[in-house]
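This is protein15.cif (mmCIF, C-alpha atoms and all ligand atoms).
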```cif
data_structure
#
loop_
_atom_site.label_atom_id
_atom_site.label_comp_id
_atom_site.auth_asym_id
_atom_site.auth_seq_id
_atom_site.Cartn_x
_atom_site.Cartn_y
_atom_site.Cartn_z
CA ALA A 1 -77.96 -5.16 -77.13
CA PHE A 2 -78.28 -1.90 -75.17
CA VAL A 3 -80.44 -1.70 -71.98
CA SER A 4 -77.71 -2.30 -69.46
CA ARG A 5 -78.27 -3.12 -65.83
CA VAL A 6 -76.24 -1.01 -63.45
CA LEU A 7 -75.56 -1.84 -59.82
CA VAL A 8 -74.49 1.13 -57.71
CA ALA A 9 -72.79 -0.28 -54.60
CA ASP A 10 -71.85 2.93 -52.77
CA SER A 11 -73.67 6.14 -51.97
CA VAL A 12 -73.83 8.66 -54.83
CA PRO A 13 -75.87 11.82 -55.41
CA GLU A 14 -79.45 11.36 -56.59
CA SER A 15 -78.63 13.37 -59.72
CA PHE A 16 -76.21 10.66 -60.87
CA LEU A 17 -78.86 7.95 -60.57
CA GLN A 18 -81.26 10.13 -62.58
CA ARG A 19 -78.60 10.79 -65.16
CA LEU A 20 -78.03 7.05 -65.65
CA SER A 21 -81.76 6.39 -65.92
CA SER A 22 -82.19 9.11 -68.50
CA LEU A 23 -79.37 7.54 -70.52
CA GLY A 24 -81.50 4.38 -70.66
CA PHE A 25 -79.81 2.32 -67.95
CA SER A 26 -81.74 0.22 -65.50
CA VAL A 27 -80.29 1.18 -62.13
CA ASP A 28 -80.28 -0.68 -58.82
CA TYR A 29 -79.06 1.41 -55.90
CA ARG A 30 -77.55 -0.58 -53.01
CA PRO A 31 -75.26 1.85 -51.15
CA GLY A 32 -73.09 0.08 -48.58
CA VAL A 33 -73.98 -3.44 -49.73
CA SER A 34 -71.66 -5.97 -48.10
CA ARG A 35 -68.99 -7.64 -50.16
CA GLU A 36 -70.58 -11.07 -49.59
CA ALA A 37 -73.98 -9.87 -50.72
CA LEU A 38 -72.44 -8.18 -53.73
CA VAL A 39 -70.66 -11.35 -54.87
CA GLU A 40 -74.02 -13.15 -54.57
CA MET A 41 -76.04 -10.60 -56.52
CA LEU A 42 -73.63 -9.23 -59.14
CA ASP A 43 -74.37 -11.79 -61.84
CA GLY A 44 -76.63 -10.28 -64.51
CA TYR A 45 -75.30 -6.73 -64.18
CA GLU A 46 -73.27 -5.15 -66.98
CA VAL A 47 -72.05 -2.17 -64.96
CA LEU A 48 -70.82 -1.92 -61.37
CA VAL A 49 -70.44 1.54 -59.82
CA PHE A 50 -68.38 1.77 -56.63
CA ARG A 51 -66.14 4.12 -54.66
CA SER A 52 -63.02 3.30 -52.59
CA ARG A 53 -64.68 1.01 -50.02
CA LEU A 54 -64.69 -2.25 -51.99
CA ARG A 55 -61.67 -4.15 -53.17
CA VAL A 56 -62.61 -4.94 -56.76
CA ASN A 57 -60.41 -8.01 -57.22
CA ARG A 58 -60.56 -11.23 -59.27
CA GLU A 59 -63.09 -12.85 -56.98
CA LEU A 60 -65.50 -9.95 -57.31
CA ILE A 61 -64.92 -9.56 -61.04
CA ASP A 62 -65.40 -13.29 -61.65
CA SER A 63 -68.69 -13.32 -59.75
CA ALA A 64 -70.38 -11.48 -62.62
CA THR A 65 -70.27 -13.21 -65.99
CA SER A 66 -72.10 -10.34 -67.69
CA LEU A 67 -69.90 -7.54 -66.34
CA ARG A 68 -68.68 -5.12 -69.03
CA VAL A 69 -67.85 -1.91 -67.16
CA LEU A 70 -66.32 -1.16 -63.77
CA ALA A 71 -67.02 2.46 -62.89
CA ARG A 72 -65.20 4.15 -60.02
CA TYR A 73 -67.23 7.04 -58.60
CA GLY A 74 -64.12 9.17 -58.11
CA VAL A 75 -60.51 9.05 -59.22
CA GLY A 76 -58.24 6.48 -57.54
CA LEU A 77 -58.22 3.02 -59.13
CA ASP A 78 -55.84 1.49 -56.62
CA ASN A 79 -58.67 -0.65 -55.17
CA VAL A 80 -59.29 -2.22 -58.58
CA ASP A 81 -57.40 -5.03 -60.28
CA VAL A 82 -57.40 -3.09 -63.55
CA ASP A 83 -55.08 -5.48 -65.42
CA TYR A 84 -57.27 -8.45 -64.63
CA ALA A 85 -60.47 -6.61 -65.57
CA VAL A 86 -58.98 -5.51 -68.88
CA SER A 87 -57.70 -9.05 -69.58
CA ARG A 88 -61.32 -10.19 -69.19
CA GLY A 89 -62.48 -7.53 -71.66
CA ILE A 90 -64.05 -5.37 -68.95
CA ALA A 91 -63.64 -1.62 -69.30
CA VAL A 92 -62.56 0.36 -66.24
CA VAL A 93 -63.71 3.97 -66.13
CA ASN A 94 -63.41 6.77 -63.57
CA ALA A 95 -63.84 10.52 -63.29
CA PRO A 96 -60.30 11.84 -63.11
CA CYS A 97 -61.02 15.52 -63.78
CA SER A 98 -63.95 16.17 -61.47
CA SER A 99 -62.37 16.53 -58.07
CA ALA A 100 -59.05 18.21 -58.81
CA VAL A 101 -60.20 21.66 -57.69
CA SER A 102 -61.67 20.29 -54.45
CA VAL A 103 -58.52 18.36 -53.55
CA ALA A 104 -56.30 21.31 -54.43
CA GLU A 105 -58.38 23.67 -52.28
CA LEU A 106 -58.29 21.21 -49.38
CA THR A 107 -54.51 21.05 -49.74
CA LEU A 108 -54.31 24.82 -49.52
CA GLY A 109 -56.54 24.75 -46.44
CA LEU A 110 -54.36 22.13 -44.76
CA LEU A 111 -51.24 24.17 -45.53
CA LEU A 112 -52.81 27.22 -43.91
CA MET A 113 -53.89 25.16 -40.91
CA LEU A 114 -50.33 23.95 -40.42
CA PHE A 115 -48.62 27.30 -40.97
CA ARG A 116 -50.99 29.15 -38.62
CA ASN A 117 -51.54 26.40 -36.02
CA LEU A 118 -55.25 26.78 -36.64
CA TYR A 119 -56.17 23.40 -35.22
CA GLN A 120 -54.32 24.07 -31.95
CA HIS A 121 -55.92 27.50 -31.55
CA VAL A 122 -59.46 26.37 -32.34
CA ASP A 123 -59.13 23.37 -30.04
CA SER A 124 -57.70 25.49 -27.20
CA VAL A 125 -60.40 28.14 -27.40
CA LYS A 126 -63.15 25.51 -27.46
CA LYS A 127 -61.62 24.02 -24.32
CA GLY A 128 -61.82 27.43 -22.62
CA TYR A 129 -58.18 28.45 -22.99
CA TRP A 130 -57.37 31.74 -24.77
CA SER A 131 -54.26 30.58 -26.65
CA LYS A 132 -53.18 33.95 -28.05
CA GLY A 133 -49.39 33.98 -28.04
CA ALA A 134 -49.10 30.25 -27.42
CA PHE A 135 -48.59 29.13 -31.00
CA VAL A 136 -47.07 31.79 -33.22
CA GLY A 137 -47.69 31.07 -36.91
CA ARG A 138 -45.75 31.52 -40.12
CA GLU A 139 -46.76 33.10 -43.44
CA LEU A 140 -46.92 31.10 -46.67
CA HIS A 141 -45.59 34.20 -48.44
CA GLY A 142 -41.95 33.76 -49.41
CA LYS A 143 -41.75 30.12 -48.30
CA THR A 144 -40.84 27.25 -50.61
CA LEU A 145 -43.50 24.66 -51.40
CA GLY A 146 -42.47 21.31 -52.89
CA VAL A 147 -45.18 19.74 -55.06
CA VAL A 148 -44.54 16.04 -55.69
CA GLY A 149 -46.55 14.96 -58.74
CA PHE A 150 -47.50 17.68 -61.22
CA GLY A 151 -50.72 16.18 -62.57
CA ARG A 152 -54.27 17.51 -62.44
CA ILE A 153 -54.16 18.28 -58.71
CA GLY A 154 -50.48 19.13 -58.27
CA ARG A 155 -50.65 21.67 -61.08
CA LEU A 156 -53.56 23.52 -59.42
CA VAL A 157 -51.82 23.48 -56.03
CA ALA A 158 -48.69 24.89 -57.64
CA ARG A 159 -50.69 27.66 -59.29
CA TYR A 160 -52.55 28.57 -56.09
CA ALA A 161 -49.31 28.59 -54.08
CA ALA A 162 -47.47 30.71 -56.65
CA SER A 163 -50.32 33.22 -56.54
CA LEU A 164 -49.72 33.51 -52.78
CA ASN A 165 -46.09 34.41 -53.50
CA MET A 166 -44.69 31.05 -52.49
CA ARG A 167 -41.65 29.75 -54.35
CA VAL A 168 -42.86 26.50 -55.89
CA LEU A 169 -40.68 23.50 -56.71
CA VAL A 170 -42.11 20.56 -58.61
CA ALA A 171 -40.94 16.95 -58.90
CA ASP A 172 -42.41 14.54 -61.43
CA VAL A 173 -41.22 11.51 -63.39
CA ARG A 174 -42.33 13.28 -66.58
CA ASP A 175 -40.61 16.38 -67.92
CA VAL A 176 -43.11 19.04 -66.86
CA SER A 177 -40.61 21.89 -66.76
CA ARG A 178 -42.44 23.99 -69.36
CA GLU A 179 -45.88 23.67 -67.78
CA ALA A 180 -44.29 24.25 -64.38
CA SER A 181 -42.70 27.50 -65.45
CA GLU A 182 -46.04 28.59 -66.93
CA VAL A 183 -47.54 28.59 -63.42
CA GLY A 184 -44.45 30.17 -61.87
CA ALA A 185 -42.93 26.92 -60.60
CA GLU A 186 -39.67 25.12 -61.29
CA GLN A 187 -39.11 21.42 -61.88
CA VAL A 188 -36.28 19.91 -59.83
CA GLY A 189 -35.29 16.43 -58.67
CA LEU A 190 -37.06 14.93 -55.67
CA GLU A 191 -33.98 15.24 -53.44
CA GLU A 192 -33.55 18.91 -54.19
CA LEU A 193 -37.26 19.47 -53.62
CA LEU A 194 -37.18 17.71 -50.25
CA SER A 195 -34.08 19.49 -49.00
CA SER A 196 -35.24 22.96 -50.10
CA SER A 197 -38.93 23.03 -49.20
CA HIS A 198 -40.56 24.50 -46.10
CA ALA A 199 -43.57 22.36 -46.95
CA VAL A 200 -43.97 19.29 -49.14
CA THR A 201 -47.30 18.23 -50.63
CA LEU A 202 -47.91 14.87 -52.32
CA HIS A 203 -50.00 14.46 -55.48
CA VAL A 204 -48.80 11.23 -57.08
CA PRO A 205 -50.96 8.19 -57.87
CA LEU A 206 -50.35 5.07 -55.81
CA THR A 207 -48.20 2.72 -57.89
CA PRO A 208 -45.43 0.24 -57.01
CA LYS A 209 -42.98 3.13 -57.59
CA THR A 210 -44.76 5.59 -55.31
CA HIS A 211 -45.56 3.04 -52.58
CA ARG A 212 -43.70 4.42 -49.51
CA MET A 213 -41.79 6.86 -51.71
CA ILE A 214 -41.56 9.13 -48.64
CA SER A 215 -39.61 6.97 -46.22
CA TRP A 216 -36.57 7.11 -43.90
CA ARG A 217 -34.14 8.57 -46.42
CA GLU A 218 -36.63 11.15 -47.68
CA PHE A 219 -37.49 12.31 -44.15
CA SER A 220 -33.79 12.63 -43.35
CA ILE A 221 -33.36 14.94 -46.36
CA MET A 222 -36.32 17.17 -45.45
CA ARG A 223 -35.60 20.39 -43.62
CA GLU A 224 -35.90 20.43 -39.86
CA GLY A 225 -39.34 21.87 -39.06
CA ALA A 226 -40.72 21.23 -42.56
CA PHE A 227 -44.43 20.56 -43.04
CA LEU A 228 -45.85 17.58 -44.91
CA VAL A 229 -49.29 17.38 -46.52
CA ASN A 230 -50.63 14.16 -48.03
CA THR A 231 -53.93 14.19 -49.91
CA SER A 232 -52.86 11.49 -52.40
CA ARG A 233 -52.86 7.96 -50.94
CA GLY A 234 -51.80 6.86 -47.46
CA GLU A 235 -49.38 4.23 -48.74
CA VAL A 236 -47.26 6.88 -50.45
CA VAL A 237 -45.86 7.72 -47.00
CA ASP A 238 -44.05 5.06 -44.94
CA SER A 239 -46.00 5.43 -41.69
CA GLU A 240 -43.28 3.84 -39.57
CA ALA A 241 -40.72 6.36 -40.82
CA LEU A 242 -43.28 9.15 -40.42
CA LEU A 243 -43.94 8.31 -36.78
CA ALA A 244 -40.22 8.17 -36.06
CA ASN A 245 -39.63 11.56 -37.71
CA LEU A 246 -42.54 13.54 -36.26
CA ASP A 247 -40.32 15.34 -33.78
CA ARG A 248 -38.12 16.70 -36.57
CA LEU A 249 -41.06 17.89 -38.66
CA GLY A 250 -42.99 21.11 -38.08
CA GLY A 251 -46.36 19.48 -38.66
CA VAL A 252 -48.18 16.97 -40.80
CA ALA A 253 -51.63 17.02 -42.41
CA LEU A 254 -53.06 13.82 -43.82
CA ASP A 255 -56.34 13.36 -45.68
CA VAL A 256 -55.48 9.75 -46.51
CA LEU A 257 -54.17 6.81 -44.50
CA GLU A 258 -52.94 3.35 -45.45
CA GLU A 259 -55.90 1.94 -43.47
CA GLU A 260 -59.23 3.80 -43.55
CA PRO A 261 -60.72 4.00 -41.03
CA PRO A 262 -57.48 3.59 -39.08
CA ARG A 263 -57.15 0.82 -36.50
CA SER A 264 -53.47 -0.06 -36.36
CA GLU A 265 -51.58 1.02 -33.27
CA ARG A 266 -49.10 2.95 -35.40
CA LEU A 267 -51.73 5.01 -37.23
CA LEU A 268 -53.55 5.73 -33.98
CA ARG A 269 -50.29 7.00 -32.48
CA ILE A 270 -49.70 9.21 -35.53
CA ILE A 271 -53.23 10.61 -35.30
CA ALA A 272 -52.89 11.32 -31.58
CA HIS A 273 -49.61 13.20 -32.03
CA PRO A 274 -50.03 16.94 -31.37
CA LYS A 275 -48.22 17.89 -34.59
CA VAL A 276 -50.56 15.87 -36.77
CA ILE A 277 -53.95 16.76 -38.21
CA VAL A 278 -55.96 14.14 -40.04
CA THR A 279 -59.12 14.54 -42.11
CA PRO A 280 -61.16 11.48 -43.12
CA HIS A 281 -60.43 11.34 -46.87
CA ILE A 282 -62.56 14.36 -47.72
CA GLY A 283 -60.52 15.63 -50.68
CA ALA A 284 -63.36 15.16 -53.14
CA GLU A 285 -66.14 15.71 -50.62
CA THR A 286 -67.67 18.90 -51.89
CA LEU A 287 -71.08 19.35 -53.48
CA GLU A 288 -69.43 20.61 -56.65
CA ALA A 289 -67.00 17.70 -57.04
CA GLN A 290 -69.65 15.07 -56.28
CA GLU A 291 -71.95 16.54 -58.94
CA ARG A 292 -69.14 16.82 -61.46
CA ILE A 293 -68.06 13.21 -60.86
CA GLY A 294 -71.59 12.10 -61.74
CA GLU A 295 -71.56 14.05 -64.99
CA GLU A 296 -68.13 12.83 -66.03
CA LEU A 297 -68.77 9.22 -65.01
CA ALA A 298 -72.17 8.86 -66.66
CA VAL A 299 -70.64 9.93 -69.98
CA ALA A 300 -67.71 7.54 -69.50
CA ILE A 301 -70.06 4.63 -68.71
CA ARG A 302 -72.20 5.30 -71.77
CA GLU A 303 -69.15 5.48 -74.01
CA ALA A 304 -67.74 2.25 -72.57
CA VAL A 305 -71.02 0.39 -73.02
CA GLU A 306 -71.44 1.61 -76.60
CA ARG A 307 -67.88 0.66 -77.52
P1 LIG B 401 -52.61 12.68 -62.12
O1 LIG B 401 -52.48 11.33 -62.72
O2 LIG B 401 -53.25 13.77 -62.91
O3 LIG B 401 -51.16 13.21 -61.72
C1 LIG B 401 -50.20 12.42 -61.07
C2 LIG B 401 -48.83 12.95 -61.41
O4 LIG B 401 -47.87 12.21 -60.64
C3 LIG B 401 -48.45 12.79 -62.89
O5 LIG B 401 -47.95 14.00 -63.39
C4 LIG B 401 -47.39 11.70 -62.86
O6 LIG B 401 -46.43 11.83 -63.89
C5 LIG B 401 -46.77 11.93 -61.49
N1 LIG B 401 -46.03 10.78 -60.98
C6 LIG B 401 -46.31 9.47 -61.11
N2 LIG B 401 -45.38 8.72 -60.49
C7 LIG B 401 -44.49 9.59 -59.94
C8 LIG B 401 -43.31 9.43 -59.18
N3 LIG B 401 -42.85 8.21 -58.85
N4 LIG B 401 -42.65 10.53 -58.80
C9 LIG B 401 -43.08 11.77 -59.14
N5 LIG B 401 -44.20 11.97 -59.85
C10 LIG B 401 -44.90 10.90 -60.26
O7 LIG B 401 -53.31 12.46 -60.71
P2 LIG B 401 -54.25 13.50 -59.93
O8 LIG B 401 -55.61 13.45 -60.51
O9 LIG B 401 -53.55 14.80 -59.81
O10 LIG B 401 -54.33 12.77 -58.50
C11 LIG B 401 -53.19 12.71 -57.65
C12 LIG B 401 -53.47 11.87 -56.42
O11 LIG B 401 -54.57 12.39 -55.69
C13 LIG B 401 -53.83 10.41 -56.69
O12 LIG B 401 -53.13 9.60 -55.75
C14 LIG B 401 -55.29 10.31 -56.37
O13 LIG B 401 -55.62 9.01 -55.96
C15 LIG B 401 -55.38 11.32 -55.25
N6 LIG B 401 -56.73 11.80 -55.01
C16 LIG B 401 -57.12 11.96 -53.71
C17 LIG B 401 -58.38 12.45 -53.41
C18 LIG B 401 -58.81 12.66 -51.99
O14 LIG B 401 -60.00 12.59 -51.72
N7 LIG B 401 -57.91 12.93 -51.08
C19 LIG B 401 -59.27 12.76 -54.45
C20 LIG B 401 -58.84 12.62 -55.78
C21 LIG B 401 -57.56 12.14 -56.03
#
```
As structure tokens, please, write out the structure in this file.
Amino acid sequence: AFVSRVLVADSVPESFLQRLSSLGFSVDYRPGVSREALVEMLDGYEVLVFRSRLRVNRELIDSATSLRVLARYGVGLDNVDVDYAVSRGIAVVNAPCSSAVSVAELTLGLLLMLFRNLYQHVDSVKKGYWSKGAFVGRELHGKTLGVVGFGRIGRLVARYAASLNMRVLVADVRDVSREASEVGAEQVGLEELLSSSHAVTLHVPLTPKTHRMISWREFSIMREGAFLVNTSRGEVVDSEALLANLDRLGGVALDVLEEEPPRSERLLRIIAHPKVIVTPHIGAETLEAQERIGEELAVAIREAVER
């Protein structure tokens, strides 16, 4: 029985909807639908497409008896109870390759912003103050970058950084020493990476092991004045320890927070801190990545339905 009904619960490019239709799916597009409404209407759909907004837990999964495929328009599956879905025979698919370049380029941009105090200068000039001489920058050239997580994104970041003549250290739970050396990087332990790097950038998935993996001890090992970039998941960094260590660090750039949008007092204090720049989870927000996600995901959905 083919003709599958697809409910798309978050905003996606028009081209993705067309792609699904041309693959023979019947598509209902309800971007931003509330969780309550979704639970009410999900029965009868075989495929649910969503992004990071919804928590796809047991309750949601159980509200659709016909559900066969959960499709994340993007990469991270940390908002999905994957084990439960799989135990119910529901396939979980995503588009893990599509946004790596966009996230890696954003990471490079954030590194440059931190090293050259770009945010401070742009903000000062807009406010009418000519800040030349007020915030002297540093070059990336010759500095050591620590890349935590040498997967799709970390590998690109390492390659870009090496091409800018940075010394690149890599930490990963897998042995990636050969691939690392191929891009001019070196695999070391996390402690050595933290104590040697002028800047540390995080590219691990959120798992029980990486939850708050950068916490009090890790901050105490980092060099005084080191920079931290996080484009992975907010929960990878212990925000309490981060706030307490901001004075020791040179600067911090975050594209992800443990609460998005942020409301907690602690996150608001981190955001307001002059050494911190925050972007609103825009790692994959480029035209190219959004298009590519649609291509990759449509194929993955079709394969999962035909299985
Ligand atoms: P990936 O799975 O390709 O790579 C992750 C790497 O981390 C792997 O090499 C893995 O072995 C390693 N790893 C896992 N646990 C580790 C640990 N405890 N210590 C050290 N290394 C560990 O993932 P990816 O596609 O490169 O994505 C990386 C992160 O970026 C994910 O958290 C993802 O959710 C996030 N992401 C963010 C955005 C954004 O918009 N900011 C977009 C896409 C992905």
| request: Using CA of Ala298 (chain A) and CA of Phe16 (chain A) as the two end points, give the distance in Å to one decimal. | output: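 According to the coordinates, CA of Ala298 (chain A) and CA of Phe16 (chain A) are separated by 7.3 Å.
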Closest atom pairs, residues of region 52-151 of chain A within 12 Å of region 21-35 of chain A, all atoms listed in the file, as CSV:
```
residue,atom,partner,partner_atom,distance
A:Ser52,CA,A:Gly32,CA,11.3
A:Arg53,CA,A:Gly32,CA,8.6
A:Leu54,CA,A:Arg35,CA,7.1
A:Arg55,CA,A:Arg35,CA,8.7
A:Val56,CA,A:Arg35,CA,9.6
A:Asn57,CA,A:Arg35,CA,11.1
A:Glu59,CA,A:Arg35,CA,10.4
A:Leu60,CA,A:Arg35,CA,8.3
A:Ile61,CA,A:Arg35,CA,11.8
A:Ser63,CA,A:Arg35,CA,11.1
```
Chain A near ligand LIG 401 (chain B) within 9 Å: what's each residue's closest atom pair and its distance in Å to one decimal, counting only C-alpha atoms and all ligand atoms, ordered by chain then ascending residue number, as a tab-separated table?
```
residue	atom	partner	partner_atom	distance
A:Gly74	CA	B:LIG401	C20	6.7
A:Val75	CA	B:LIG401	C20	5.2
A:Gly76	CA	B:LIG401	O13	4.0
A:Leu77	CA	B:LIG401	O13	7.3
A:Asp78	CA	B:LIG401	O13	7.6
A:Pro96	CA	B:LIG401	O8	5.6
A:Cys97	CA	B:LIG401	O8	6.7
A:Ser98	CA	B:LIG401	C20	8.4
A:Ser99	CA	B:LIG401	C20	5.7
A:Ala100	CA	B:LIG401	O8	6.1
A:Ser102	CA	B:LIG401	C19	7.9
A:Val103	CA	B:LIG401	C19	5.7
A:Ala104	CA	B:LIG401	O9	8.9
A:Leu106	CA	B:LIG401	N7	8.5
A:Thr107	CA	B:LIG401	N7	8.9
A:Val148	CA	B:LIG401	C9	5.7
A:Gly149	CA	B:LIG401	O4	3.6
A:Phe150	CA	B:LIG401	O5	4.3
A:Gly151	CA	B:LIG401	O3	3.1
A:Arg152	CA	B:LIG401	O9	3.8
A:Ile153	CA	B:LIG401	O9	3.7
A:Gly154	CA	B:LIG401	O9	5.5
A:Arg155	CA	B:LIG401	O9	7.6
A:Leu156	CA	B:LIG401	O9	8.7
A:Val170	CA	B:LIG401	C9	8.9
A:Ala171	CA	B:LIG401	C9	5.6
A:Asp172	CA	B:LIG401	N5	3.5
A:Val173	CA	B:LIG401	C9	4.6
A:Arg174	CA	B:LIG401	O6	5.1
A:Asp175	CA	B:LIG401	O6	8.4
A:Val176	CA	B:LIG401	O5	7.8
A:Leu190	CA	B:LIG401	C9	7.6
A:Leu202	CA	B:LIG401	C12	7.5
A:His203	CA	B:LIG401	C11	4.2
A:Val204	CA	B:LIG401	O4	3.8
A:Pro205	CA	B:LIG401	O12	3.3
A:Leu206	CA	B:LIG401	O12	5.3
A:Thr207	CA	B:LIG401	N2	7.1
A:Pro208	CA	B:LIG401	N3	8.6
A:Lys209	CA	B:LIG401	N3	5.2
A:Thr210	CA	B:LIG401	N3	4.8
A:His211	CA	B:LIG401	N3	8.6
A:Met213	CA	B:LIG401	N3	7.3
A:Asn230	CA	B:LIG401	N7	8.0
A:Thr231	CA	B:LIG401	N7	4.3
A:Ser232	CA	B:LIG401	C15	3.8
A:Arg233	CA	B:LIG401	O12	5.1
A:Gly234	CA	B:LIG401	O12	8.8
A:Val236	CA	B:LIG401	O12	8.4
A:Leu254	CA	B:LIG401	N7	8.8
A:Asp255	CA	B:LIG401	N7	5.6
A:Val256	CA	B:LIG401	N7	6.1
A:Pro280	CA	B:LIG401	N7	8.7
A:His281	CA	B:LIG401	O14	5.0
A:Ile282	CA	B:LIG401	O14	5.1
A:Gly283	CA	B:LIG401	O14	3.3
A:Ala284	CA	B:LIG401	O14	4.5
A:Glu285	CA	B:LIG401	O14	7.0
```
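From CA of Val168 (chain A) back to CA of Thr144 (chain A), the distance works out to 5.7 Å.
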| request: For CA of Leu194 (chain A) and CA of Met222 (chain A), quote the distance in Å rounded to one decimal. | output: 4.9 Å
| Of the residues A:Arg292, A:Arg58, A:Arg68, A:Arg167, which is the one nearest to Val6 (chain A), using all atoms listed in the file? |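 Smallest separation from Val6 (chain A) among the options: A:Arg68.
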| Which polymer residues have any atom within 8 Å of an atom of Leu169 (chain A), counting only C-alpha atoms, with same-chain residues fewer than 2 positions away left out, as JSON, numbers by chain? | {"A": [144, 145, 146, 147, 167, 171, 185, 186, 187, 188, 193, 197]}
For those residues, write C-alpha atoms to a file as a JSON list (two decimals), keeping the file's coordinate frame.
```
[["chain", "number", "residue", "atom", "x", "y", "z"],
["A", 144, "THR", "CA", -40.84, 27.25, -50.61],
["A", 145, "LEU", "CA", -43.50, 24.66, -51.40],
["A", 146, "GLY", "CA", -42.47, 21.31, -52.89],
["A", 147, "VAL", "CA", -45.18, 19.74, -55.06],
["A", 167, "ARG", "CA", -41.65, 29.75, -54.35],
["A", 171, "ALA", "CA", -40.94, 16.95, -58.90],
["A", 185, "ALA", "CA", -42.93, 26.92, -60.60],
["A", 186, "GLU", "CA", -39.67, 25.12, -61.29],
["A", 187, "GLN", "CA", -39.11, 21.42, -61.88],
["A", 188, "VAL", "CA", -36.28, 19.91, -59.83],
["A", 193, "LEU", "CA", -37.26, 19.47, -53.62],
["A", 197, "SER", "CA", -38.93, 23.03, -49.20]]
```
| field | Shell of 10 Å around Glu258 (chain A), only C-alpha atoms, local chain residues under 3 positions omitted, as a list in words | value | Arg233, Gly234, Glu235, Val236, Val237, Asp238, Ser239, Pro261, Pro262, Ser264 and Leu267 of chain A
| query | For Val101 (chain A), which residue out of A:Arg263, A:Arg159, A:Arg88, A:Lys126 is the nearest one, using all atoms listed in the file? | reply |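 Among A:Arg263, A:Arg159, A:Arg88, A:Lys126, it is A:Arg159 that comes nearest to Val101 (chain A).
Distances from A:Glu192, A:Glu218, A:Glu224, A:Asp123 to Leu249 (chain A) were compared using only C-alpha atoms, and the smallest one belongs to A:Glu224.
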| field | Top pick for closest residue to Asn117 (chain A), considering A:Val86, A:Leu287, A:Val92, A:Val276 and counting only C-alpha atoms | value | A:Val276
Box in all listed atoms of region 20-36 of chain A, axis-aligned, with 6 Å more on each side; write out centre and edge lengths in Å to one decimal as JSON.
```
{"center_x": -75.6, "center_y": -1.0, "center_z": -59.4, "size_x": 25.2, "size_y": 32.2, "size_z": 34.6}
```
| At most 12 Å from (-68.2, 11.7, -65.3), file frame, all atoms listed in the file: which residues, as a ChimeraX atom specification? | /A:15-16,19-20,49,71-75,93-99,289-304
| said: Env of Leu108 (chain A): 8 Å cut, atoms = all atoms listed in the file, seq-sep filter 2 positions within chain, self excluded. Answer as a VMD selection string. | reply: chain A and resid 104 to 106 110 to 112 157 160 to 161
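In this comparison, which uses only C-alpha atoms, the residue of A:Val305, A:Ala162, A:Val183, A:Leu114 approaching Val229 (chain A) most closely is A:Leu114.
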| query | Restricting the calculation to only C-alpha atoms, which member of A:Glu179, A:Gly109, A:Gly137, A:Lys143 is positioned closest to Ala253 (chain A)? | reply |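 Looking only at the distances to Ala253 (chain A), the closest residue turns out to be A:Gly109.
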